[in-house]
Every structure is written in C-alpha cells, then in structure tokens.
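Participant: Have a look at this one before I ask anything.
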Amino acid sequence: MKITKICCIGAGYVGGPTMAIIAQKCPQIQVTVVDLNEERIAAWNDADVNNIPIYEPGLSEIVKEARGRNLFFSTAVDQAIDEAEMIFISVNTPTKTYGKGKGMAADLKYIELCARQIARVSKSNKIVVEKSTLPVRTAEAIKSILDNTGNGVKFQILSNPEFLAEGTAVQDLLHPDRILIGGDTTAEGQKAIQALVDVYANWVAVDKILTTNVWSSELSKLTANAFLAQRISSINAMSELCEKTGADVNEVARAIGMDSRIGPKFLKASVGFGGSCFQKDILNLVYIAKSYGLQEVADYWEQVIIMNDHQKRRFSDTIVKTLYNTVSDKKIAFLGWAFKKDTNDTRESAAIYVADDLINENAKIAVYDPKVSRKKVLADLDYLQTRTADENAKSILSFENPYEACSNAHAVAILTEWDEFVAYDWQKIYDAMQKPAFVFDGRNILDKAVLEKIGFVYQAIGS
Ligand code: NAD
Ligand code: UDX
C-alpha cells in the first residue's frame with residue numbers, strides 16, 4: 001500500500017518536528033498536522049517562521065521549506081482524518097492527576113478521544129500509528145474502540161515510538177539510531193508495517209528500521225527511557241559520594257565511560273533530570289509493574305525517581321546551607337529555566353523545584369533564560385500549588401539581560417547548560433554581585449579554577 005496522505009493528531013514537541021521531517025523527506029506525501037489548540041496551530045502557520053511554537057535548532061528552516069508545499073497545520077481534525085490513509089496519534093499522555101493511578105499511571109483520555117474521533121469520521125480503511133508513548137497493551141484498547149464502530153472500516157494499529165530528544169530533535173529525526181515499528185503478525189499487519197517502513201525508507205537505511213510485535217514496541221519505549229534516566233540517577237548518586245570523599249564525578253564518569261561496555265554518553269552529573277518524558281514514563285512503568293503484582297520490579301525502577309528528587313532537593317539545600325543558613329530576602333540569580341539547553345520546553349525542569357524550595361525560604365529568584373518567558377516561569381510555579389499566584393509573582397524577578405539578573409545577587413545558580421553561559425564575562429558578573437559571591441553550578445559547565453581566581457566561591461555537582 002502506497003501512502004499519499006498522512007494526518008498527525010497533535011502538533012506538539014513530537015508531532016510538529018516529526019511531521020516536518022517526513023514532509024521534507026517525502027515530497028510525494030501530503031502531511032497535515034492537526035490540533036485542537038487554535039493558538040498553537042496559528043503559531044505553526046505564522047508568516048514569520050521564527051514564531052513557530054517550538055524552538056529546535058534547524059526546525060524553522062525545514063518548516064519554511066515544506067509548509068504550504070506538502071506540510072499543513074490545521075484545526076480541521078475531521079477533514080484531515082477522513083482524507084488520510086495513515087494517521088499518527090501524537091497527543092500528550094501525561095501522568096494522571098486524578099482517580100485510580102493518580103500520580104503514576106499515564107492519562108490516556110486524549111488517546112481515547114482520538115480513537116473515538118477516528119472511528120466516527122473514517123469512511124475508508126486506515127493505518128493508525130501510535131506515536132505517543134503509551135503503556136504496553138494500549139493498542140488493544142485502541143483496537144477495541146476502532147473495531148466496534150459498526151461502519152465496516154478496517155483499521156491496522158502500529159506502534160512507532162519516537163526516540164528524539166528535545167534540543168537535538170532535527171538531527172535525531174534525520175539520523176535516527178533506529179526506527180521501531182510494531183505491528184500485528186497477520187498478513188494485513190505485515191502489510192501495514194511495510195507501508196510505514198516505506199515512508200521512513202525515504203531517508204533512513206532499511207537495516208536501521210526494526211520491526212517487532214506491537215507489545216515489544218510499546219514496552220521498548222518505556223524501557224529505553226527508564227535505562228537512560230537510570231544512568232543519570234546512577235551518576236548523580238555517585239556525585240553525592242564524590243562530594244564526601246574528594247573524588248571528582250567528572251573524572252569518575254570519564255574513567256567508567258571509557259569501558260566500551262558502559263560507554264561515555266548520558267553520564268553527566270546534574271541538578272537532576274527534567275523533561276516531559278523520563279519521570280512520566282518511569283512512573284508509568286512502575287504502575288504497570290505494580291498492576292501485574294511485580295512489586296520488586298516496581299520498587300527497582302521507582303528508585304530512579306526517588307534519587308532524582310533527592311538530587312534536586314540536595315541542590316537547593318546546599319544553596320541555603322552555604323549562604324549561612326538563610327536566603328531570606330536574598331537575590332539568587334537563576335541562569336536557565338528550560339529542562340536542558342536548546343529548547344524552550346520547561347516541563348519538569350529541575351529549576352522549578354529548586355526555585356520552589358528557595359521561595360519557601362523567602363528568597364527572591366532572578367531568572368534569565370534565553371528562550372523562556374516570565375509567563376511560562378510563573379505558570380510552572382503556579383502548577384505546583386505551593387502558594388498563591390500573587391506570591392509567586394512577587395518572588396520571581398525576570399530579566400532579559402543576564403548581567404542585570406546577576407547584579408546585586410548573593411549567588412548565581414546554573415540550572416540549564418546553555419552554551420552562552422560559559423562565554424559570559426564572569427569578572428563583570430562578580431564585580432556587580434554581593435560579596436562573598438557564590439556560584440552553584442548545577443550543570444558543571446564553568447571552569448572552577450577561573451572562577452576561583454576571579455574571587456567566586458564556586459560549588460559544582462560532585463566535586
Ligand atoms: P505536547 O503536549 O507538546 O503536544 C501534544 C498536542 O496534542 C497538544 O498540542 C494538544 O493540544 C494536542 N491534543 C491533545 N488531544 C488532542 C485531540 N484529541 N485532538 C487534537 N489534538 C490534541 O506533547 P509532546 O511532547 O509532543 O508529546 C506527545 C507524545 O509523545 C507523548 O506521549 C510523549 O510521551 C511522547 N514523546 C515525547 C517526546 C518529547 O521529547 N517531548 C519524545 C518522545 C515521545
Ligand atoms: C528523552 C530521551 O533522551 C529521548 O530518547 C526520548 O524520546 C524523550 O526523552 P529529552 O527528555 O528530550 O529526551 O532530553 P534528554 O537529552 O534525554 O535529557 C533529559 C534530562 O536529563 C534533561 O534534563 C538533561 O539535562 C538531563 N541529563 C541528560 C543529565 O542530567 N545528564 C545527562 O548525562 C543527560
């Protein structure tokens with residue numbers, strides 16, 4: 001089956017970039033990305049491509065090339081579903097905030113709404129692709145909804161999890177380590193798999209396209225994120241031990257990373273991992289394990305989250321302790337609010353939790369992030385419901401200029417590893433700060449010797 005029209009439901013951090021690349025690499029396929037959020041779709045359609053809603057290096061250029069040619073962004077969901085032969089579901093699957101599984105299970109209400117809408121609208125056979133990260137066996141639920149509509153349309157359901165990381169989404173999509181496609185073992189299932197393989201084969205070598213059964217594919221995504229996050233919690237656990245013993249976590253990471261069985265990637269100690277995926281997906285895995293009665297499996301993976309929470313708390317505690325046990329009315333400058341560099345995404349960013357702790361101690365937080373607005377910072381804090389929105393607004397000072405953010409501060413805390421922070425004139429920052437001037441480097445990006453020579457009291461993670 002040759003695909004000529006694709007619809008993607010969900011124009012977010014995954015749907016937007018993924019479909020932009022498919023459109024760029026497959027000019028013969030018409031790709032329509034739909035979303036209920038009118039503001040988001042309007043931003044994707046903004047005449048100035050610099051205003052698209054997601055910041056990713058290289059993305060605006062690709063959107064500029066394909067948009068209006070074979071890439072479209074629209075709120076006409078029904079029409080796009082009706083016309084497409086292949087429909088990607090790329091909606092959000094956040095942690096449940098209510099009812100059974102609250103705080104752990106993935107909330108699948110948006111997935112179910114999509115399935116019901118596809119069932120209602122479709123007049124011809126379709127391939128439905130799970131692009132969202134889903135609990136293992138979700139395809140079964142989707143199939144049950146789609147197969148019970150009574151309109152005689154046949155659906156094939158594929159699992160095609162996305163492995164891109166934010167900040168490097170374009171490169172990850174252009175040069176993926178692998179593409180994973182899970183489908184039914186029946187002849188129809190295999191035909192559907194082949195149709196999706198043919199789409200990716202426009203730019204990905206066929207030996208990198210892996211096909212499995214649906215359940216393996218669904219579970220592989222959760223497993224990959226759990227393993228990646230586990231490495232960070234492992235090195236962060238060592239960072240605390242390093243601080244007690246005189247070992248240096250950067251040296252330890254280098255030493256173990258040269259073992260080819262361990263490898264050098266994802267061993268950077270930090271203030272703690274953030275992002276919309278790691279915590280959500282591990283909690284989901286823990287919930288699934290518990291639901292099968294696998295308590296030891298659940299406890300094993302939950303420890304990754306417990307360690308990460310500890311690492312964030314440890315960072316704010318260190319700041320308070322070092323500043324003579326009080327930060328009350330002290331200005332603490334935050335360089336960075338995004339959960340990692342090169343993205344405007346702040347979901348689950350460590351900065352939110354560190355700021356919340358320090359505001360509890362009556363600190364004033366002066367935030368500078370090259371891509372995050374004051375509105376977003378306040379929304380992130382308000383979401384925690386620790387205090388009123390008014391109180392948050394009074395505790396957060398926002399700056400467009402990093403030097404002004406740091407001026408008169410008692411301490412600078414680095415929360416995101418933006419490259420520009422390394423290139424700042426740190427002498428100038430020092431001169432304008434309260435003395436002693438402290439730097440808490442939550443990303444280990446600055447040079448301790450240089451900062452100490454200037455006069456800073458410098459504290460990194462794990463040394
Ligand atoms: P997102 O919140 O940025 O985007 C989801 C979009 O779906 C939103 O714009 C929302 O308005 C839209 N939506 C929700 N329900 C809808 C409906 N019924 N009809 C139309 N639109 C609807 O989320 P995201 O970061 O793109 O993540 C999407 C999925 O991909 C999640 O399951 C996530 O776990 C997974 N994932 C995310 C990443 C990442 O880096 N962000 C990486 C891999 C996988
Ligand atoms: C992650 C997975 O990497 C990606 O494959 C999946 O599709 C989505 O989830 P993402 O969350 O976008 O991607 O970014 P990632 O680079 O994994 O970073 C996640 C968090 O871990 C960030 O806060 C980052 O700063 C932190 N991190 C990463 C570390 O603290 N140390 C490291 O060594 C690596």
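Here's how to read the names in the structure tokens: chain A, B, ... by the order shown, residue numbers from 1 in each chain, ligand numbers from 1 in the order shown.
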Kindly assemble as JSON lines a list of the chain A residues that lie within 6 Å of ligand 1, each paired with its nearest atom pair and their distance in Å to one decimal, using only C-alpha atoms and all ligand atoms, sorted first by chain and then by ascending residue number.

Facilitator:
```
{"residue": "A:Ile9", "atom": "CA", "partner": "ligand 1", "partner_atom_place_in_ligand_line": "20 (C)", "distance": 5.1}
{"residue": "A:Gly10", "atom": "CA", "partner": "ligand 1", "partner_atom_place_in_ligand_line": "7 (O)", "distance": 3.4}
{"residue": "A:Ala11", "atom": "CA", "partner": "ligand 1", "partner_atom_place_in_ligand_line": "9 (O)", "distance": 4.9}
{"residue": "A:Gly12", "atom": "CA", "partner": "ligand 1", "partner_atom_place_in_ligand_line": "4 (O)", "distance": 3.2}
{"residue": "A:Tyr13", "atom": "CA", "partner": "ligand 1", "partner_atom_place_in_ligand_line": "26 (O)", "distance": 3.7}
{"residue": "A:Val14", "atom": "CA", "partner": "ligand 1", "partner_atom_place_in_ligand_line": "26 (O)", "distance": 3.8}
{"residue": "A:Gly15", "atom": "CA", "partner": "ligand 1", "partner_atom_place_in_ligand_line": "26 (O)", "distance": 5.5}
{"residue": "A:Asp35", "atom": "CA", "partner": "ligand 1", "partner_atom_place_in_ligand_line": "21 (N)", "distance": 3.7}
{"residue": "A:Leu36", "atom": "CA", "partner": "ligand 1", "partner_atom_place_in_ligand_line": "20 (C)", "distance": 4.5}
{"residue": "A:Asn37", "atom": "CA", "partner": "ligand 1", "partner_atom_place_in_ligand_line": "11 (O)", "distance": 4.8}
{"residue": "A:Ser90", "atom": "CA", "partner": "ligand 1", "partner_atom_place_in_ligand_line": "28 (C)", "distance": 4.9}
{"residue": "A:Val91", "atom": "CA", "partner": "ligand 1", "partner_atom_place_in_ligand_line": "7 (O)", "distance": 3.6}
{"residue": "A:Asn92", "atom": "CA", "partner": "ligand 1", "partner_atom_place_in_ligand_line": "28 (C)", "distance": 4.1}
{"residue": "A:Thr93", "atom": "CA", "partner": "ligand 1", "partner_atom_place_in_ligand_line": "32 (O)", "distance": 4.4}
{"residue": "A:Tyr110", "atom": "CA", "partner": "ligand 1", "partner_atom_place_in_ligand_line": "15 (N)", "distance": 4.6}
{"residue": "A:Leu113", "atom": "CA", "partner": "ligand 1", "partner_atom_place_in_ligand_line": "18 (N)", "distance": 5.2}
{"residue": "A:Cys114", "atom": "CA", "partner": "ligand 1", "partner_atom_place_in_ligand_line": "18 (N)", "distance": 4.9}
{"residue": "A:Ser132", "atom": "CA", "partner": "ligand 1", "partner_atom_place_in_ligand_line": "32 (O)", "distance": 3.5}
{"residue": "A:Thr133", "atom": "CA", "partner": "ligand 1", "partner_atom_place_in_ligand_line": "32 (O)", "distance": 3.9}
{"residue": "A:Glu162", "atom": "CA", "partner": "ligand 1", "partner_atom_place_in_ligand_line": "43 (C)", "distance": 4.6}
{"residue": "A:Phe163", "atom": "CA", "partner": "ligand 1", "partner_atom_place_in_ligand_line": "43 (C)", "distance": 5.2}
{"residue": "A:Leu164", "atom": "CA", "partner": "ligand 1", "partner_atom_place_in_ligand_line": "42 (C)", "distance": 5.4}
{"residue": "A:Ala165", "atom": "CA", "partner": "ligand 1", "partner_atom_place_in_ligand_line": "40 (O)", "distance": 5.0}
{"residue": "A:Glu166", "atom": "CA", "partner": "ligand 1", "partner_atom_place_in_ligand_line": "40 (O)", "distance": 5.0}
{"residue": "A:Ser276", "atom": "CA", "partner": "ligand 1", "partner_atom_place_in_ligand_line": "41 (N)", "distance": 5.9}
{"residue": "A:Cys277", "atom": "CA", "partner": "ligand 1", "partner_atom_place_in_ligand_line": "34 (O)", "distance": 5.4}
```

Participant: Just N, CA, C and O atoms for this one: save the residues we selected as a short mmCIF file (atom, residue, chain, number, x, y, z; two decimals), in the first residue's frame.

Facilitator:
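Below is the file that was written, selection09.cif:
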```cif
data_model
loop_
_atom_site.label_atom_id
_atom_site.label_comp_id
_atom_site.auth_asym_id
_atom_site.auth_seq_id
_atom_site.Cartn_x
_atom_site.Cartn_y
_atom_site.Cartn_z
N ILE A 9 -2.32 13.70 14.54
CA ILE A 9 -3.13 14.39 15.56
C ILE A 9 -2.20 14.76 16.71
O ILE A 9 -1.60 13.89 17.35
N GLY A 10 -2.05 16.08 16.95
CA GLY A 10 -1.14 16.57 17.99
C GLY A 10 0.03 17.30 17.36
O GLY A 10 0.88 16.69 16.72
N ALA A 11 0.02 18.64 17.52
CA ALA A 11 1.08 19.47 16.90
C ALA A 11 2.06 19.95 17.96
O ALA A 11 2.39 21.12 18.05
N GLY A 12 2.51 19.01 18.80
CA GLY A 12 3.40 19.38 19.90
C GLY A 12 4.87 19.15 19.59
O GLY A 12 5.28 19.18 18.42
N TYR A 13 5.64 18.90 20.64
CA TYR A 13 7.10 18.73 20.51
C TYR A 13 7.47 17.51 19.69
O TYR A 13 8.56 17.44 19.13
N VAL A 14 6.56 16.53 19.61
CA VAL A 14 6.83 15.35 18.79
C VAL A 14 6.16 15.47 17.43
O VAL A 14 6.81 15.34 16.38
N GLY A 15 4.84 15.74 17.44
CA GLY A 15 4.10 15.80 16.17
C GLY A 15 4.68 16.82 15.21
O GLY A 15 4.88 16.51 14.02
N ASP A 35 -4.52 19.90 15.40
CA ASP A 35 -4.53 20.06 16.86
C ASP A 35 -5.80 20.82 17.24
O ASP A 35 -6.31 21.62 16.45
N LEU A 36 -6.27 20.57 18.47
CA LEU A 36 -7.43 21.30 18.97
C LEU A 36 -7.04 22.70 19.41
O LEU A 36 -7.86 23.60 19.49
N ASN A 37 -5.76 22.87 19.73
CA ASN A 37 -5.26 24.14 20.26
C ASN A 37 -5.06 25.14 19.11
O ASN A 37 -4.09 25.08 18.36
N SER A 90 -0.27 11.60 18.10
CA SER A 90 0.91 12.16 18.75
C SER A 90 0.50 13.15 19.85
O SER A 90 1.12 14.18 20.04
N VAL A 91 -0.59 12.78 20.54
CA VAL A 91 -1.10 13.67 21.59
C VAL A 91 -0.38 13.39 22.90
O VAL A 91 0.33 12.39 23.04
N ASN A 92 -0.57 14.28 23.86
CA ASN A 92 0.11 14.14 25.14
C ASN A 92 -0.51 13.01 25.98
O ASN A 92 -1.71 12.75 25.91
N THR A 93 0.36 12.37 26.77
CA THR A 93 -0.07 11.26 27.64
C THR A 93 0.49 11.52 29.04
O THR A 93 1.34 10.77 29.51
N TYR A 110 -6.77 11.53 26.22
CA TYR A 110 -6.62 12.17 24.90
C TYR A 110 -6.48 11.12 23.80
O TYR A 110 -6.92 11.30 22.68
N LEU A 113 -9.92 9.76 23.12
CA LEU A 113 -10.70 10.73 22.32
C LEU A 113 -10.30 10.65 20.85
O LEU A 113 -11.16 10.68 19.96
N CYS A 114 -9.00 10.52 20.60
CA CYS A 114 -8.52 10.41 19.20
C CYS A 114 -9.10 9.15 18.56
O CYS A 114 -9.59 9.19 17.41
N SER A 132 2.61 8.59 20.17
CA SER A 132 2.71 8.92 21.59
C SER A 132 3.34 7.75 22.34
O SER A 132 3.26 6.60 21.90
N THR A 133 3.94 8.04 23.50
CA THR A 133 4.47 6.98 24.35
C THR A 133 3.32 6.42 25.19
O THR A 133 2.65 7.17 25.89
N GLU A 162 8.63 7.36 19.38
CA GLU A 162 9.60 8.35 18.93
C GLU A 162 10.74 8.46 19.96
O GLU A 162 10.49 8.58 21.14
N PHE A 163 11.97 8.44 19.46
CA PHE A 163 13.13 8.47 20.35
C PHE A 163 13.87 9.80 20.31
O PHE A 163 14.94 9.93 20.90
N LEU A 164 13.31 10.81 19.64
CA LEU A 164 14.03 12.09 19.56
C LEU A 164 14.19 12.69 20.95
O LEU A 164 13.36 12.47 21.84
N ALA A 165 15.28 13.44 21.14
CA ALA A 165 15.44 14.23 22.37
C ALA A 165 15.26 15.69 22.00
O ALA A 165 15.65 16.11 20.89
N GLU A 166 14.66 16.45 22.87
CA GLU A 166 14.46 17.87 22.58
C GLU A 166 15.82 18.57 22.56
O GLU A 166 16.75 18.18 23.25
N SER A 276 9.58 16.22 29.82
CA SER A 276 8.21 15.70 29.92
C SER A 276 8.18 14.18 29.93
O SER A 276 7.14 13.58 30.16
N CYS A 277 9.32 13.52 29.68
CA CYS A 277 9.26 12.07 29.43
C CYS A 277 9.76 11.19 30.56
O CYS A 277 9.05 10.27 30.98
#
```

Participant: Return as an NGL selection string every polymer residue, whether protein, DNA or RNA, with at least one atom no more than 6 Å from an atom of ligand 2; count only C-alpha atoms and all ligand atoms.

Facilitator: :A and (162-166 or 225 or 232 or 266-270 or 272-275 or 277-278 or 339-340)

Participant: Extract, using only C-alpha atoms, all DNA, RNA and protein residues at most 10 Å from segment 191-202 of chain A, discarding same-chain residues fewer than 6 positions from it, and format them as number ranges by chain.

Facilitator: A: 1-4, 22, 25-27, 29, 86, 126-129, 155-160, 179-185, 208-212

Participant: Mind writing the picked residues with C-alpha atoms as a compact mmCIF listing (two decimals), in the first residue's frame?

Facilitator:
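The resulting file, result22.txt, is reproduced below:
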```
# COMPACT_ATOMS: atom_id res chain seq x y z
CA MET A 1 0.00 0.00 0.00
CA LYS A 2 1.43 3.34 -1.05
CA ILE A 3 0.80 6.23 1.34
CA THR A 4 -0.07 9.57 -0.25
CA ILE A 22 8.54 13.39 6.95
CA LYS A 25 11.96 13.91 3.03
CA CYS A 26 8.79 12.68 1.27
CA PRO A 27 7.62 15.47 -1.06
CA ILE A 29 3.25 12.63 0.60
CA MET A 86 -2.26 6.78 7.67
CA LYS A 126 -6.76 3.27 7.69
CA ILE A 127 -3.48 2.57 9.38
CA VAL A 128 -3.39 4.12 12.84
CA VAL A 129 0.09 4.73 14.23
CA PHE A 155 -8.03 -0.49 10.91
CA GLN A 156 -4.48 -1.67 11.40
CA ILE A 157 -2.73 -0.39 14.51
CA LEU A 158 1.02 0.11 14.58
CA SER A 159 3.29 1.19 17.41
CA ASN A 160 6.03 3.56 16.25
CA ILE A 179 13.20 3.33 13.79
CA LEU A 180 10.99 0.93 15.70
CA ILE A 181 7.72 -0.32 14.23
CA GLY A 182 5.50 -2.83 15.98
CA GLY A 183 2.50 -4.43 14.29
CA ASP A 184 0.25 -7.45 14.05
CA THR A 185 1.78 -10.72 12.93
CA LYS A 208 18.05 0.65 10.86
CA ILE A 209 14.32 0.02 10.65
CA LEU A 210 13.42 -2.56 13.23
CA THR A 211 10.07 -4.38 13.18
CA THR A 212 8.61 -6.23 16.17
```

Participant: I need the residues in segment 369-433 of chain A that are helix (DSSP H, G or I) according to DSSP; give them as a ChimeraX atom specification.

Facilitator: /A:374-384,389-395,402-406,419-422,426-431

Participant: Counting only C-alpha atoms, what is within 12 Å of Asn444 of chain A, bar same-chain residues fewer than 4 positions away, as a list in words?

Facilitator: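 Counting only C-alpha atoms, the residues come to Ser239, Asp248, Val249, Asn250, Lys268, Ala269, Ser270, Val271, Ala413, Ile414, Leu415, Thr416, Glu417, Trp418, Asp419, Phe421, Val422, Val439, Phe440, Lys448, Tyr458, Gln459, Ala460, Ile461, Gly462 and Ser463 of chain A.
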
Participant: Could you write out that same residue set with C-alpha atoms as a PDB file, in the first residue's frame?

Facilitator:
```pdb
ATOM      1  CA  SER A 239      28.112  12.713  42.738  1.00  0.00           C
ATOM      2  CA  ASP A 248      35.515  14.158  41.231  1.00  0.00           C
ATOM      3  CA  VAL A 249      32.407  12.887  39.449  1.00  0.00           C
ATOM      4  CA  ASN A 250      33.588  14.211  36.065  1.00  0.00           C
ATOM      5  CA  LYS A 268      26.752  13.905  33.105  1.00  0.00           C
ATOM      6  CA  ALA A 269      26.013  14.591  36.756  1.00  0.00           C
ATOM      7  CA  SER A 270      23.496  17.398  37.134  1.00  0.00           C
ATOM      8  CA  VAL A 271      20.951  19.107  39.335  1.00  0.00           C
ATOM      9  CA  ALA A 413      22.748  29.173  40.275  1.00  0.00           C
ATOM     10  CA  ILE A 414      23.170  27.482  36.888  1.00  0.00           C
ATOM     11  CA  LEU A 415      20.119  25.367  36.131  1.00  0.00           C
ATOM     12  CA  THR A 416      20.446  24.836  32.364  1.00  0.00           C
ATOM     13  CA  GLU A 417      23.625  24.195  30.343  1.00  0.00           C
ATOM     14  CA  TRP A 418      23.034  26.897  27.665  1.00  0.00           C
ATOM     15  CA  ASP A 419      26.338  27.434  25.782  1.00  0.00           C
ATOM     16  CA  PHE A 421      26.560  30.968  29.955  1.00  0.00           C
ATOM     17  CA  VAL A 422      30.123  29.704  29.553  1.00  0.00           C
ATOM     18  CA  VAL A 439      28.211  30.254  42.084  1.00  0.00           C
ATOM     19  CA  PHE A 440      26.300  26.954  42.290  1.00  0.00           C
ATOM     20  CA  LYS A 448      36.395  26.171  38.755  1.00  0.00           C
ATOM     21  CA  TYR A 458      32.355  28.031  43.396  1.00  0.00           C
ATOM     22  CA  GLN A 459      30.389  24.857  44.102  1.00  0.00           C
ATOM     23  CA  ALA A 460      29.839  22.249  41.389  1.00  0.00           C
ATOM     24  CA  ILE A 461      27.985  18.934  41.455  1.00  0.00           C
ATOM     25  CA  GLY A 462      30.092  16.000  42.581  1.00  0.00           C
ATOM     26  CA  SER A 463      33.441  17.586  43.369  1.00  0.00           C
TER      27      SER A 463
END
```

Participant: Which residues come within 10 Å of Ala393 of chain A, counting only C-alpha atoms, excluding same-chain residues fewer than 3 positions away, as JSON, numbers by chain?

Facilitator: {"A": [374, 375, 377, 378, 379, 381, 382, 388, 389, 390, 396, 397, 398]}

Participant: With C-alpha atoms retained, export the selected residues as a compact mmCIF listing (two decimals), in the first residue's frame.

Facilitator:
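New file out05.txt:
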```
# COMPACT_ATOMS: atom_id res chain seq x y z
CA ARG A 374 8.20 35.13 32.55
CA LYS A 375 4.68 33.90 31.84
CA VAL A 377 8.11 30.53 34.64
CA LEU A 378 5.13 31.70 36.69
CA ALA A 379 2.81 29.09 35.15
CA LEU A 381 5.42 27.51 39.71
CA ASP A 382 1.67 28.06 39.95
CA THR A 388 -0.76 31.78 45.54
CA ALA A 389 0.00 33.08 42.06
CA ASP A 390 0.42 36.53 43.61
CA ILE A 396 10.21 35.88 40.80
CA LEU A 397 12.11 38.68 39.12
CA SER A 398 12.52 38.25 35.36
```

Participant: I need the residue nearest Arg347 of chain A from this list: A:Val372, A:Leu134, A:Ala139, A:Met307. Use only C-alpha atoms for the distance.

Facilitator: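 Ranked by minimum distance to Arg347 of chain A, first place goes to A:Val372.
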